[in-house]
file query-v1.cif (mmCIF, C-alpha atoms)
data_input
loop_
_atom_site.label_atom_id
_atom_site.label_comp_id
_atom_site.auth_asym_id
_atom_site.auth_seq_id
_atom_site.Cartn_x
_atom_site.Cartn_y
_atom_site.Cartn_z
CA MET A 30 0.00 0.00 0.00
CA THR A 31 2.87 2.41 0.81
CA GLN A 32 4.48 1.78 -2.57
CA LEU A 33 1.16 2.27 -4.36
CA PHE A 34 0.57 5.57 -2.58
CA ASN A 35 4.09 6.87 -3.33
CA PHE A 36 3.77 5.90 -6.98
CA ALA A 37 0.39 7.67 -7.28
CA ALA A 38 1.77 10.84 -5.70
CA ARG A 39 4.86 10.89 -7.94
CA ASP A 40 2.75 10.25 -11.04
CA PHE A 41 0.40 13.09 -10.11
CA LYS A 42 3.33 15.54 -9.69
CA ARG A 43 4.96 14.52 -13.01
CA THR A 44 1.65 14.88 -14.87
CA ASN A 45 0.99 18.27 -13.30
CA ARG A 46 4.47 19.57 -14.25
CA ARG A 47 3.91 18.53 -17.88
CA ARG A 48 0.51 20.27 -17.89
CA GLU A 49 1.97 23.48 -16.47
CA LYS A 50 4.69 23.51 -19.18
CA MET A 51 2.14 22.89 -21.93
CA ARG A 52 -0.52 25.00 -20.19
CA LEU A 53 -3.01 22.24 -20.80
CA PRO A 54 -6.37 22.94 -19.24
CA ILE A 55 -7.41 20.89 -16.22
CA THR A 56 -11.16 20.92 -16.01
CA ILE A 57 -12.54 21.69 -12.57
CA HIS A 58 -15.49 23.88 -11.60
CA GLY A 59 -15.80 27.04 -13.72
CA ASN A 60 -17.36 28.46 -16.88
CA SER A 61 -14.28 29.61 -18.82
CA PRO A 62 -14.35 28.33 -22.40
CA ARG A 63 -10.64 27.77 -22.17
CA GLY A 64 -10.90 25.80 -18.95
CA THR A 65 -9.08 26.61 -15.70
CA PHE A 66 -5.38 26.25 -15.12
CA MET A 67 -4.21 24.61 -11.86
CA THR A 68 -1.92 26.81 -9.81
CA THR A 69 0.92 25.73 -7.53
CA ARG A 70 -1.36 26.34 -4.52
CA ASN A 71 -4.03 24.05 -6.00
CA CYS A 72 -1.39 21.38 -6.51
CA THR A 73 -0.18 21.64 -2.92
CA THR A 74 -3.73 21.36 -1.57
CA LEU A 75 -4.53 18.27 -3.60
CA ALA A 76 -1.23 16.67 -2.67
CA SER A 77 -2.07 17.29 1.01
CA VAL A 78 -5.47 15.65 0.60
CA LEU A 79 -3.86 12.65 -1.03
CA PHE A 80 -1.23 12.46 1.71
CA PHE A 81 -3.72 12.44 4.59
CA ALA A 82 -6.03 10.03 2.79
CA GLY A 83 -3.09 7.69 2.30
CA ALA A 84 -2.02 8.08 5.94
CA ALA A 85 -5.54 7.23 7.13
CA ALA A 86 -5.57 4.15 4.92
CA LEU A 87 -2.20 3.08 6.28
CA SER A 88 -3.45 3.61 9.85
CA GLN A 89 -6.45 1.38 9.21
CA ALA A 90 -4.20 -1.21 7.59
CA ALA A 91 -1.87 -1.19 10.61
CA LEU A 92 -4.85 -1.70 12.94
CA ALA A 93 -6.10 -4.58 10.83
CA GLN A 94 -2.63 -6.12 10.69
CA GLN A 95 -2.21 -6.02 14.46
CA GLY A 96 -5.68 -7.42 15.03
CA LYS A 97 -5.56 -7.70 18.82
CA LEU A 98 -6.24 -5.75 21.99
CA THR A 99 -4.84 -6.80 25.38
CA VAL A 100 -7.30 -6.28 28.23
CA ALA A 101 -6.56 -6.88 31.92
CA TRP A 102 -9.45 -8.37 33.87
CA TYR A 103 -10.15 -10.60 36.87
CA GLY A 104 -10.24 -14.39 36.84
CA GLY A 105 -13.04 -16.89 37.37
CA ASN A 106 -16.65 -15.97 36.67
CA TRP A 107 -15.66 -12.30 36.35
CA GLY A 108 -13.41 -12.95 33.39
CA GLU A 109 -15.97 -15.25 31.81
CA ALA A 110 -18.61 -12.52 32.03
CA PHE A 111 -16.31 -9.78 30.71
CA ASN A 112 -15.48 -12.02 27.77
CA ALA A 113 -19.09 -12.94 26.96
CA CYS A 114 -20.64 -9.52 27.54
CA VAL A 115 -17.97 -7.20 26.16
CA ALA A 116 -15.03 -8.89 24.43
CA GLU A 117 -17.01 -11.16 22.12
CA PRO A 118 -19.42 -8.41 20.91
CA PHE A 119 -16.42 -6.10 20.42
CA THR A 120 -14.56 -8.70 18.34
CA LYS A 121 -17.67 -9.46 16.32
CA ALA A 122 -18.09 -5.76 15.49
CA THR A 123 -14.43 -4.95 14.77
CA GLY A 124 -12.64 -8.19 13.94
CA ILE A 125 -10.07 -7.34 16.62
CA LYS A 126 -9.20 -10.23 18.93
CA VAL A 127 -9.19 -9.56 22.68
CA VAL A 128 -6.30 -11.11 24.58
CA PRO A 129 -7.02 -11.33 28.34
CA GLU A 130 -4.37 -10.51 30.94
CA ILE A 131 -5.81 -12.17 34.05
CA GLY A 132 -5.06 -10.93 37.55
CA THR A 133 -6.32 -9.03 40.58
CA SER A 134 -6.49 -5.24 40.57
CA THR A 135 -3.31 -4.91 42.63
CA THR A 136 -1.47 -7.30 40.28
CA THR A 137 -2.63 -5.33 37.26
CA LEU A 138 -1.49 -2.05 38.79
CA ALA A 139 1.94 -3.54 39.51
CA LYS A 140 2.21 -4.64 35.85
CA LEU A 141 1.22 -1.20 34.59
CA GLN A 142 3.88 0.41 36.73
CA GLN A 143 6.52 -2.07 35.56
CA GLN A 144 5.53 -1.56 31.91
CA LYS A 145 5.27 2.22 32.15
CA ALA A 146 7.96 2.81 29.50
CA ALA A 147 6.41 0.34 27.02
CA THR A 148 3.06 -1.10 28.04
CA THR A 149 1.71 -4.32 26.59
CA ILE A 150 -1.72 -3.84 28.20
CA ASP A 151 -4.18 -1.58 26.35
CA VAL A 152 -7.25 -1.59 28.61
CA ALA A 153 -7.60 -2.56 32.28
CA TRP A 154 -10.42 -3.37 34.65
CA MET A 155 -9.52 -2.41 38.22
CA ASP A 156 -11.49 -1.97 41.44
CA GLY A 157 -12.32 1.30 43.11
CA GLY A 158 -9.44 2.34 45.33
CA ILE A 159 -6.81 0.69 43.14
CA SER A 160 -8.18 2.82 40.33
CA GLU A 161 -7.25 6.01 42.20
CA LEU A 162 -3.78 4.63 42.92
CA ALA A 163 -3.32 3.95 39.20
CA GLN A 164 -4.31 7.52 38.40
CA GLN A 165 -1.79 8.85 40.91
CA ALA A 166 0.88 6.58 39.42
CA GLY A 167 0.41 8.23 36.03
CA VAL A 168 -0.36 5.05 34.08
CA LEU A 169 -3.81 6.01 32.75
CA GLU A 170 -4.98 7.87 29.66
CA ASP A 171 -7.64 10.57 29.81
CA LEU A 172 -10.96 9.15 28.57
CA ASN A 173 -12.20 11.17 25.59
CA VAL A 174 -15.97 11.50 25.85
CA ARG A 175 -16.26 12.30 22.14
CA ALA A 176 -14.48 9.06 21.25
CA ILE A 177 -16.59 7.10 23.77
CA PRO A 178 -20.16 8.34 23.13
CA ASN A 179 -21.80 5.80 25.46
CA MET A 180 -20.24 7.64 28.42
CA ALA A 181 -23.13 10.09 28.02
CA ASN A 182 -25.44 7.33 29.34
CA VAL A 183 -23.39 6.54 32.47
CA LEU A 184 -24.43 7.58 35.98
CA ASP A 185 -22.58 10.66 37.22
CA GLN A 186 -21.27 8.69 40.22
CA ALA A 187 -19.57 6.21 37.89
CA VAL A 188 -17.44 8.73 35.98
CA TYR A 189 -14.18 9.40 37.80
CA ARG A 190 -12.25 12.60 37.30
CA SER A 191 -9.09 14.22 38.57
CA GLY A 192 -9.14 17.88 37.71
CA LYS A 193 -10.13 18.16 34.05
CA ASN A 194 -9.13 14.58 33.24
CA THR A 195 -11.45 11.57 33.29
CA PHE A 196 -9.35 8.58 34.32
CA ALA A 197 -11.94 5.80 34.82
CA VAL A 198 -15.53 4.79 34.24
CA GLY A 199 -17.54 2.28 36.24
CA THR A 200 -19.05 -0.77 34.54
CA GLY A 201 -21.11 -2.01 37.50
CA TYR A 202 -21.43 -1.94 41.30
CA TYR A 203 -21.01 -4.78 43.78
CA SER A 204 -21.21 -4.96 47.55
CA MET A 205 -19.68 -6.89 50.44
CA GLY A 206 -22.17 -8.52 52.78
CA LEU A 207 -22.35 -11.60 55.00
CA VAL A 208 -22.26 -15.15 53.65
CA TYR A 209 -23.30 -18.11 55.79
CA SER A 210 -23.80 -21.86 55.46
CA THR A 211 -27.48 -22.68 55.39
CA LYS A 212 -26.61 -26.12 56.81
CA GLU A 213 -24.60 -24.87 59.78
CA VAL A 214 -26.30 -21.53 60.45
CA LYS A 215 -30.01 -21.97 61.02
CA GLN A 216 -30.76 -18.32 61.79
CA PRO A 217 -29.40 -15.90 59.13
CA PRO A 218 -27.05 -13.31 60.65
CA THR A 219 -28.52 -9.84 61.13
CA SER A 220 -25.42 -7.93 62.23
CA TRP A 221 -21.72 -7.81 61.46
CA LYS A 222 -21.20 -8.26 65.18
CA ASP A 223 -22.62 -11.79 64.86
CA LEU A 224 -19.21 -12.90 63.54
CA TRP A 225 -17.93 -12.68 67.12
CA LYS A 226 -20.51 -15.15 68.48
CA PRO A 227 -18.86 -18.14 70.24
CA GLU A 228 -20.68 -20.69 68.07
CA TYR A 229 -18.79 -19.46 65.00
CA ALA A 230 -15.33 -19.80 66.52
CA GLY A 231 -12.81 -21.09 63.98
CA THR A 232 -15.18 -20.77 61.02
CA VAL A 233 -15.12 -17.05 60.17
CA ALA A 234 -13.62 -15.56 56.98
CA LEU A 235 -12.60 -11.93 56.48
CA PRO A 236 -10.46 -10.22 53.81
CA SER A 237 -6.87 -9.31 54.58
CA PRO A 238 -5.25 -6.05 53.42
CA SER A 239 -3.76 -8.00 50.50
CA ASN A 240 -7.29 -8.13 49.11
CA SER A 241 -8.75 -4.92 47.67
CA ALA A 242 -11.52 -5.23 50.29
CA GLY A 243 -9.18 -5.63 53.26
CA VAL A 244 -8.39 -1.99 54.04
CA PRO A 245 -11.89 -0.61 53.42
CA ILE A 246 -13.51 -3.25 55.62
CA VAL A 247 -11.35 -2.03 58.51
CA PHE A 248 -12.92 1.42 58.22
CA PHE A 249 -16.38 -0.09 57.72
CA LEU A 250 -16.08 -2.29 60.84
CA ALA A 251 -14.85 0.74 62.77
CA LYS A 252 -18.24 2.35 62.04
CA VAL A 253 -20.03 -0.86 63.03
CA TRP A 254 -18.29 -0.97 66.42
CA GLY A 255 -18.26 2.78 67.00
CA VAL A 256 -14.46 3.03 66.91
CA ASP A 257 -12.88 6.37 66.06
CA ALA A 258 -11.33 5.98 62.59
CA ALA A 259 -8.44 8.19 63.69
CA ARG A 260 -7.49 5.66 66.39
CA LEU A 261 -8.05 2.12 65.16
CA ASP A 262 -6.12 0.16 67.83
CA PRO A 263 -9.32 -0.94 69.65
CA LEU A 264 -10.64 -2.37 66.38
CA TYR A 265 -7.41 -4.27 65.70
CA ASP A 266 -7.71 -5.78 69.18
CA ARG A 267 -11.26 -6.85 68.42
CA ILE A 268 -10.33 -8.38 65.05
CA ARG A 269 -7.40 -10.21 66.65
CA SER A 270 -9.83 -11.74 69.16
CA LEU A 271 -11.93 -13.09 66.32
CA ASN A 272 -11.38 -16.84 65.90
CA THR A 273 -11.13 -17.07 62.11
CA ALA A 274 -10.80 -19.89 59.61
CA LEU A 275 -8.86 -17.53 57.35
CA PHE A 276 -8.12 -13.96 56.34
CA PHE A 277 -8.42 -14.32 52.58
CA ASP A 278 -6.11 -12.57 50.11
CA SER A 279 -8.35 -13.07 47.08
CA SER A 280 -12.04 -13.46 46.39
CA GLY A 281 -11.26 -16.86 44.87
CA ALA A 282 -9.81 -18.03 48.18
CA ALA A 283 -12.98 -16.93 49.95
CA THR A 284 -15.14 -18.75 47.41
CA ASN A 285 -13.11 -21.94 47.89
CA ALA A 286 -13.39 -21.70 51.68
CA TYR A 287 -17.18 -21.30 51.63
CA GLN A 288 -17.54 -24.01 49.00
CA SER A 289 -15.41 -26.53 50.91
CA GLY A 290 -17.02 -25.74 54.25
CA ASP A 291 -13.75 -24.54 55.82
CA ALA A 292 -15.54 -21.23 56.43
CA VAL A 293 -19.10 -21.26 57.72
CA ILE A 294 -19.74 -17.53 57.97
CA GLY A 295 -18.01 -14.32 57.00
CA ALA A 296 -17.65 -11.54 54.47
CA HIS A 297 -17.97 -11.97 50.72
CA PHE A 298 -19.01 -9.98 47.69
CA ASN A 299 -22.52 -10.43 46.33
CA VAL A 300 -21.00 -11.49 42.99
CA GLY A 301 -19.12 -14.46 44.47
CA ALA A 302 -21.90 -15.39 46.87
CA TRP A 303 -24.67 -15.54 44.28
CA ASP A 304 -22.43 -17.42 41.89
CA LEU A 305 -22.06 -20.16 44.51
CA ILE A 306 -25.77 -20.13 45.34
CA ASP A 307 -26.65 -20.46 41.65
CA LYS A 308 -24.34 -23.48 41.47
CA GLY A 309 -26.22 -25.16 44.32
CA VAL A 310 -23.76 -24.53 47.15
CA PRO A 311 -25.80 -24.39 50.40
CA ILE A 312 -25.04 -20.83 51.46
CA GLY A 313 -27.03 -17.65 51.93
CA PHE A 314 -26.23 -13.97 51.43
CA ALA A 315 -27.39 -11.46 54.03
CA VAL A 316 -27.42 -7.66 54.23
CA PRO A 317 -26.86 -6.88 57.96
CA LYS A 318 -28.71 -4.09 59.72
CA GLU A 319 -25.59 -1.90 59.60
CA GLY A 320 -25.67 -2.21 55.82
CA VAL A 321 -22.97 -3.17 53.33
CA TRP A 322 -20.20 -1.24 51.71
CA ALA A 323 -19.88 -1.16 47.96
CA THR A 324 -17.58 -0.24 45.13
CA ASP A 325 -17.42 -0.81 41.39
CA ALA A 326 -15.43 -2.49 38.64
CA ARG A 327 -13.90 0.26 36.52
CA LEU A 328 -12.45 0.42 33.04
CA HIS A 329 -9.29 2.34 32.18
CA ILE A 330 -7.29 2.98 29.02
CA VAL A 331 -3.59 2.49 29.68
CA LYS A 332 -1.27 5.40 29.03
CA GLY A 333 1.04 4.78 26.09
CA THR A 334 -1.15 2.19 24.39
CA ARG A 335 -0.48 1.93 20.66
CA ASN A 336 -4.11 0.89 20.12
CA LYS A 337 -5.93 3.87 21.56
CA ALA A 338 -8.72 4.00 18.96
CA ALA A 339 -9.50 0.30 19.46
CA ALA A 340 -9.28 0.73 23.24
CA GLU A 341 -11.83 3.55 23.11
CA GLN A 342 -14.14 1.39 21.03
CA PHE A 343 -13.79 -1.43 23.57
CA VAL A 344 -14.76 0.89 26.44
CA ASN A 345 -17.68 2.17 24.40
CA THR A 346 -18.88 -1.41 23.87
CA ALA A 347 -18.65 -2.09 27.62
CA LEU A 348 -20.86 0.93 28.32
CA SER A 349 -23.68 -0.12 26.01
CA ARG A 350 -27.02 -1.02 27.59
CA GLU A 351 -26.70 -4.52 26.16
CA ALA A 352 -23.32 -5.11 27.83
CA SER A 353 -24.51 -3.60 31.12
CA ALA A 354 -27.60 -5.82 31.21
CA CYS A 355 -25.43 -8.83 30.38
CA LEU A 356 -23.00 -8.07 33.25
CA ALA A 357 -25.94 -7.59 35.61
CA THR A 358 -27.35 -10.96 34.59
CA LYS A 359 -24.09 -12.89 34.78
CA LEU A 360 -22.40 -11.17 37.75
CA TYR A 361 -25.28 -9.34 39.47
CA LEU A 362 -23.42 -6.06 39.06
CA GLY A 363 -25.60 -3.03 39.68
CA PRO A 364 -25.67 -1.25 36.30
CA SER A 365 -23.72 2.00 36.00
CA VAL A 366 -25.49 2.69 32.71
CA LYS A 367 -28.87 4.44 32.87
CA ASN A 368 -32.16 2.80 31.89
CA VAL A 369 -30.96 -0.81 31.94
CA SER A 370 -33.72 -3.37 32.46
CA VAL A 371 -33.15 -6.81 33.99
CA PRO A 372 -35.51 -9.63 35.05
CA THR A 373 -36.91 -9.54 38.60
CA GLU A 374 -34.90 -12.63 39.56
CA VAL A 375 -31.73 -10.77 38.61
CA ALA A 376 -32.81 -7.48 40.16
CA ARG A 377 -33.21 -8.97 43.64
CA LYS A 378 -29.58 -10.14 43.56
CA LEU A 379 -28.14 -6.74 42.65
CA PRO A 380 -26.25 -4.92 45.43
CA TRP A 381 -29.19 -2.57 46.02
CA GLY A 382 -32.01 -5.10 45.66
CA THR A 383 -35.15 -5.02 43.52
CA ASP A 384 -36.32 -1.47 44.19
CA GLY A 385 -33.03 0.16 45.19
CA SER A 386 -30.44 2.23 43.36
CA VAL A 387 -26.88 3.44 43.73
CA ALA A 388 -28.20 5.89 46.35
CA ASN A 389 -28.71 2.93 48.72
CA LEU A 390 -25.05 1.91 48.63
CA ASN A 391 -22.41 2.84 51.20
CA LEU A 392 -19.71 4.14 48.86
CA LEU A 393 -16.34 5.00 50.37
CA ASP A 394 -14.02 7.95 49.85
CA TRP A 395 -11.12 6.08 48.31
CA ASN A 396 -8.75 9.03 48.43
CA VAL A 397 -9.06 9.13 52.22
CA ILE A 398 -8.64 5.36 52.50
CA ASN A 399 -5.67 5.30 50.13
CA GLN A 400 -3.89 7.94 52.19
CA ARG A 401 -3.95 5.49 55.09
CA ARG A 402 -3.57 2.24 53.16
CA ALA A 403 0.10 1.71 54.10
CA GLU A 404 -0.57 2.63 57.73
CA VAL A 405 -3.50 0.20 58.05
CA THR A 406 -1.62 -2.61 56.31
CA ASP A 407 1.38 -2.18 58.60
CA ALA A 408 -0.81 -2.02 61.72
CA TRP A 409 -2.73 -5.14 60.60
CA ASN A 410 0.50 -7.08 60.08
CA ARG A 411 1.83 -6.06 63.49
CA GLN A 412 -1.30 -6.19 65.61
CA VAL A 413 -3.47 -8.83 63.94
CA ALA A 414 -1.51 -11.21 61.71
CA ARG A 415 1.67 -11.62 63.80
CA LYS A 416 -0.10 -12.02 67.12
CA ARG A 417 -2.40 -14.85 66.18
#

call {"tool": "encode", "arguments": {"input": "query-v1.cif", "output": "structure tokens"}}
result
Amino acid sequence: MTQLFNFAARDFKRTNRRREKMRLPITIHGNSPRGTFMTTRNCTTLASVLFFAGAAALSQAALAQQGKLTVAWYGGNWGEAFNACVAEPFTKATGIKVVPEIGTSTTTLAKLQQQKAATTIDVAWMDGGISELAQQAGVLEDLNVRAIPNMANVLDQAVYRSGKNTFAVGTGYYSMGLVYSTKEVKQPPTSWKDLWKPEYAGTVALPSPSNSAGVPIVFFLAKVWGVDAARLDPLYDRIRSLNTALFFDSSGAATNAYQSGDAVIGAHFNVGAWDLIDKGVPIGFAVPKEGVWATDARLHIVKGTRNKAAAEQFVNTALSREASACLATKLYLGPSVKNVSVPTEVARKLPWGTDGSVANLNLLDWNVINQRRAEVTDAWNRQVARKR
């Protein structure tokens, strides 16, 4: 294609020089009986048009030749849903293959920082909290609303900005509530404080700070127990007194513990809990009287990607009503896109229930939590993990 374009341009210039020497008429718009002669300025303009047309064609050819987009997302049922609801429709529409880069949000952020000089990841799903850390690390592109028109249909709460830049957009909300074995626990728990009941000794599961939920749940439990967030030592003492089966580092580890029966009661996300329930695992999911805290799964375009146009199209696909309804059905994510309809059976499993909305969720200020993330992790390791 490059050779063809160069040949066409050279041929045009040679022909034009001959015409100027012979003063042959070149017919364009005009009524002169002798025709109109092309000036040097006309020649330059046409050459420019040809150049940019050729460059655009080459750009499209390069995109078609590459034919792939690398997207970081979570494992398990999350990745399966992202593939079915977003990646497959995107590939069908564009012909561009999506290559998954599977990992937790913290793992993905570490990769983006390591690859800062030459990233191999184009688009990344990351949780709230880690998303803000990625923005501060300077590894995210600004999301161009004009290039991603479906952002106009997203809830205001799900568009994340820093100054004039938009660094992330939510693709669905999920919450952390209480999971319990319906075989072992006859009366569903009604409070987070129930985890400290003697009958659950040795069977409780809570996230550790290595999990994206670990630090925020410390602040949430501080509210539950009336502990001053500025002085968390009393809460660490209380957590250390809790006789746990495990502090899980990943949602997959929690799912395995509840599935195997190693954990009988504890914290888990509605996504993982309902996935187990749908598979016939005898557990229940409860929203305690103190409520649940929630966050969202966000999409980001990675700074330095060589496939920005394709990345923007991928994000636009993820923000369609069809994709949002699909994610709600497969993962029970509360839609971040407006006017998405789902069946009643799906609606009751969303983080806000059948008749709720994002207004019913306890959303955290991640900037405040992130400022204290290192402090909380260090205190947890010293006062909880090492003293058990």

call {"tool": "resolve_selection", "arguments": {"input": "query-v1.cif", "expression": "the PyMOL selection byres ((chain A and resi 252-259) around 12)", "output": "PDB file with C-alpha atoms, keeping the file's coordinate frame"}}
result
ATOM      1  CA  SER A 220     -25.420  -7.930  62.230  1.00  0.00           C
ATOM      2  CA  TRP A 221     -21.720  -7.810  61.460  1.00  0.00           C
ATOM      3  CA  LYS A 222     -21.200  -8.260  65.180  1.00  0.00           C
ATOM      4  CA  ASP A 223     -22.620 -11.790  64.860  1.00  0.00           C
ATOM      5  CA  TRP A 225     -17.930 -12.680  67.120  1.00  0.00           C
ATOM      6  CA  PRO A 245     -11.890  -0.610  53.420  1.00  0.00           C
ATOM      7  CA  ILE A 246     -13.510  -3.250  55.620  1.00  0.00           C
ATOM      8  CA  VAL A 247     -11.350  -2.030  58.510  1.00  0.00           C
ATOM      9  CA  PHE A 248     -12.920   1.420  58.220  1.00  0.00           C
ATOM     10  CA  PHE A 249     -16.380  -0.090  57.720  1.00  0.00           C
ATOM     11  CA  LEU A 250     -16.080  -2.290  60.840  1.00  0.00           C
ATOM     12  CA  ALA A 251     -14.850   0.740  62.770  1.00  0.00           C
ATOM     13  CA  ARG A 260      -7.490   5.660  66.390  1.00  0.00           C
ATOM     14  CA  LEU A 261      -8.050   2.120  65.160  1.00  0.00           C
ATOM     15  CA  ASP A 262      -6.120   0.160  67.830  1.00  0.00           C
ATOM     16  CA  PRO A 263      -9.320  -0.940  69.650  1.00  0.00           C
ATOM     17  CA  LEU A 264     -10.640  -2.370  66.380  1.00  0.00           C
ATOM     18  CA  TYR A 265      -7.410  -4.270  65.700  1.00  0.00           C
ATOM     19  CA  ASP A 266      -7.710  -5.780  69.180  1.00  0.00           C
ATOM     20  CA  ARG A 267     -11.260  -6.850  68.420  1.00  0.00           C
ATOM     21  CA  ILE A 268     -10.330  -8.380  65.050  1.00  0.00           C
ATOM     22  CA  PRO A 317     -26.860  -6.880  57.960  1.00  0.00           C
ATOM     23  CA  LYS A 318     -28.710  -4.090  59.720  1.00  0.00           C
ATOM     24  CA  GLU A 319     -25.590  -1.900  59.600  1.00  0.00           C
ATOM     25  CA  GLY A 320     -25.670  -2.210  55.820  1.00  0.00           C
ATOM     26  CA  VAL A 321     -22.970  -3.170  53.330  1.00  0.00           C
ATOM     27  CA  TRP A 322     -20.200  -1.240  51.710  1.00  0.00           C
ATOM     28  CA  ASN A 391     -22.410   2.840  51.200  1.00  0.00           C
ATOM     29  CA  VAL A 397      -9.060   9.130  52.220  1.00  0.00           C
ATOM     30  CA  ILE A 398      -8.640   5.360  52.500  1.00  0.00           C
ATOM     31  CA  ARG A 401      -3.950   5.490  55.090  1.00  0.00           C
ATOM     32  CA  GLU A 404      -0.570   2.630  57.730  1.00  0.00           C
ATOM     33  CA  VAL A 405      -3.500   0.200  58.050  1.00  0.00           C
TER      34      VAL A 405
END

call {"tool": "atom_distance", "arguments": {"input": "query-v1.cif", "atom1": "CA of Pro129 in chain A", "atom2": "CA of Gly363 in chain A"}}
result
23.3 Å

call {"tool": "resolve_selection", "arguments": {"input": "query-v1.cif", "expression": "the PyMOL selection byres ((chain A and resi 345) around 8)", "output": "tab-separated table (two decimals) with C-alpha atoms, in the coordinates of the input"}}
result
chain	number	residue	atom	x	y	z
A	177	ILE	CA	-16.59	7.10	23.77
A	178	PRO	CA	-20.16	8.34	23.13
A	179	ASN	CA	-21.80	5.80	25.46
A	180	MET	CA	-20.24	7.64	28.42
A	341	GLU	CA	-11.83	3.55	23.11
A	342	GLN	CA	-14.14	1.39	21.03
A	343	PHE	CA	-13.79	-1.43	23.57
A	344	VAL	CA	-14.76	0.89	26.44
A	346	THR	CA	-18.88	-1.41	23.87
A	347	ALA	CA	-18.65	-2.09	27.62
A	348	LEU	CA	-20.86	0.93	28.32
A	349	SER	CA	-23.68	-0.12	26.01

call {"tool": "resolve_selection", "arguments": {"input": "query-v1.cif", "expression": "the PyMOL selection byres ((chain A and resi 192-198) around 10)", "output": "number ranges by chain"}}
result
A: 153-155, 157, 160-161, 163-164, 167-174, 180, 183-191, 199-201, 325-331, 344, 348, 365

call {"tool": "closest_residue", "arguments": {"input": "query-v1.cif", "among": "A:Ser289, A:Asn336, A:Ser210, A:Ser386", "to": "Ile150 in chain A", "atoms": "only C-alpha atoms"}}
result
A:Asn336

call {"tool": "residues_around", "arguments": {"input": "query-v1.cif", "residues": "Lys140 in chain A", "least_positions_apart": "4", "cutoff": "12 Å", "atoms": "all atoms listed in the file", "output": "compact mmCIF listing (two decimals) with C-alpha atoms, in the coordinates of the input"}}
result
# COMPACT_ATOMS: atom_id res chain seq x y z
CA ALA A 101 -6.56 -6.88 31.92
CA GLU A 130 -4.37 -10.51 30.94
CA ILE A 131 -5.81 -12.17 34.05
CA GLY A 132 -5.06 -10.93 37.55
CA THR A 133 -6.32 -9.03 40.58
CA SER A 134 -6.49 -5.24 40.57
CA THR A 135 -3.31 -4.91 42.63
CA THR A 136 -1.47 -7.30 40.28
CA GLN A 144 5.53 -1.56 31.91
CA LYS A 145 5.27 2.22 32.15
CA ALA A 146 7.96 2.81 29.50
CA ALA A 147 6.41 0.34 27.02
CA THR A 148 3.06 -1.10 28.04
CA THR A 149 1.71 -4.32 26.59
CA ILE A 150 -1.72 -3.84 28.20
CA ASP A 151 -4.18 -1.58 26.35
CA ALA A 153 -7.60 -2.56 32.28
CA ALA A 163 -3.32 3.95 39.20
CA ALA A 166 0.88 6.58 39.42
CA VAL A 168 -0.36 5.05 34.08
CA VAL A 331 -3.59 2.49 29.68

call {"tool": "atom_distance", "arguments": {"input": "query-v1.cif", "atom1": "CA of Lys332 in chain A", "atom2": "CA of Phe111 in chain A"}}
result
21.4 Å

call {"tool": "atom_distance", "arguments": {"input": "query-v1.cif", "atom1": "CA of Tyr103 in chain A", "atom2": "CA of Gly385 in chain A"}}
result
26.6 Å

call {"tool": "closest_residue", "arguments": {"input": "query-v1.cif", "among": "A:Gln216, A:Glu351, A:Leu271, A:Thr123", "to": "Ala230 in chain A", "atoms": "all atoms listed in the file"}}
result
A:Leu271

call {"tool": "axis_aligned_box", "arguments": {"input": "query-v1.cif", "around": "range 197-213 of chain A", "padding_each_side": "8 Å", "output": "lines of an AutoDock Vina configuration file"}}
result
center_x = -19.7
center_y = -10.2
center_z = 47.0
size_x = 31.5
size_y = 47.9
size_z = 41.5

call {"tool": "residues_near_point", "arguments": {"input": "query-v1.cif", "point": "(-5.6, -15.3, 66.8)", "cutoff": "12 Å", "atoms": "all atoms listed in the file", "output": "PDB file with C-alpha atoms, in the coordinates of the input"}}
result
ATOM      1  CA  ALA A 230     -15.330 -19.800  66.520  1.00  0.00           C
ATOM      2  CA  GLY A 231     -12.810 -21.090  63.980  1.00  0.00           C
ATOM      3  CA  VAL A 233     -15.120 -17.050  60.170  1.00  0.00           C
ATOM      4  CA  TYR A 265      -7.410  -4.270  65.700  1.00  0.00           C
ATOM      5  CA  ASP A 266      -7.710  -5.780  69.180  1.00  0.00           C
ATOM      6  CA  ARG A 267     -11.260  -6.850  68.420  1.00  0.00           C
ATOM      7  CA  ILE A 268     -10.330  -8.380  65.050  1.00  0.00           C
ATOM      8  CA  ARG A 269      -7.400 -10.210  66.650  1.00  0.00           C
ATOM      9  CA  SER A 270      -9.830 -11.740  69.160  1.00  0.00           C
ATOM     10  CA  LEU A 271     -11.930 -13.090  66.320  1.00  0.00           C
ATOM     11  CA  ASN A 272     -11.380 -16.840  65.900  1.00  0.00           C
ATOM     12  CA  THR A 273     -11.130 -17.070  62.110  1.00  0.00           C
ATOM     13  CA  ALA A 274     -10.800 -19.890  59.610  1.00  0.00           C
ATOM     14  CA  LEU A 275      -8.860 -17.530  57.350  1.00  0.00           C
ATOM     15  CA  PHE A 276      -8.120 -13.960  56.340  1.00  0.00           C
ATOM     16  CA  GLN A 412      -1.300  -6.190  65.610  1.00  0.00           C
ATOM     17  CA  VAL A 413      -3.470  -8.830  63.940  1.00  0.00           C
ATOM     18  CA  ALA A 414      -1.510 -11.210  61.710  1.00  0.00           C
ATOM     19  CA  ARG A 415       1.670 -11.620  63.800  1.00  0.00           C
ATOM     20  CA  LYS A 416      -0.100 -12.020  67.120  1.00  0.00           C
ATOM     21  CA  ARG A 417      -2.400 -14.850  66.180  1.00  0.00           C
TER      22      ARG A 417
END

call {"tool": "closest_residue", "arguments": {"input": "query-v1.cif", "among": "A:Leu162, A:Ala340, A:Val127, A:Ala376", "to": "Ala354 in chain A", "atoms": "all atoms listed in the file"}}
result
A:Ala376
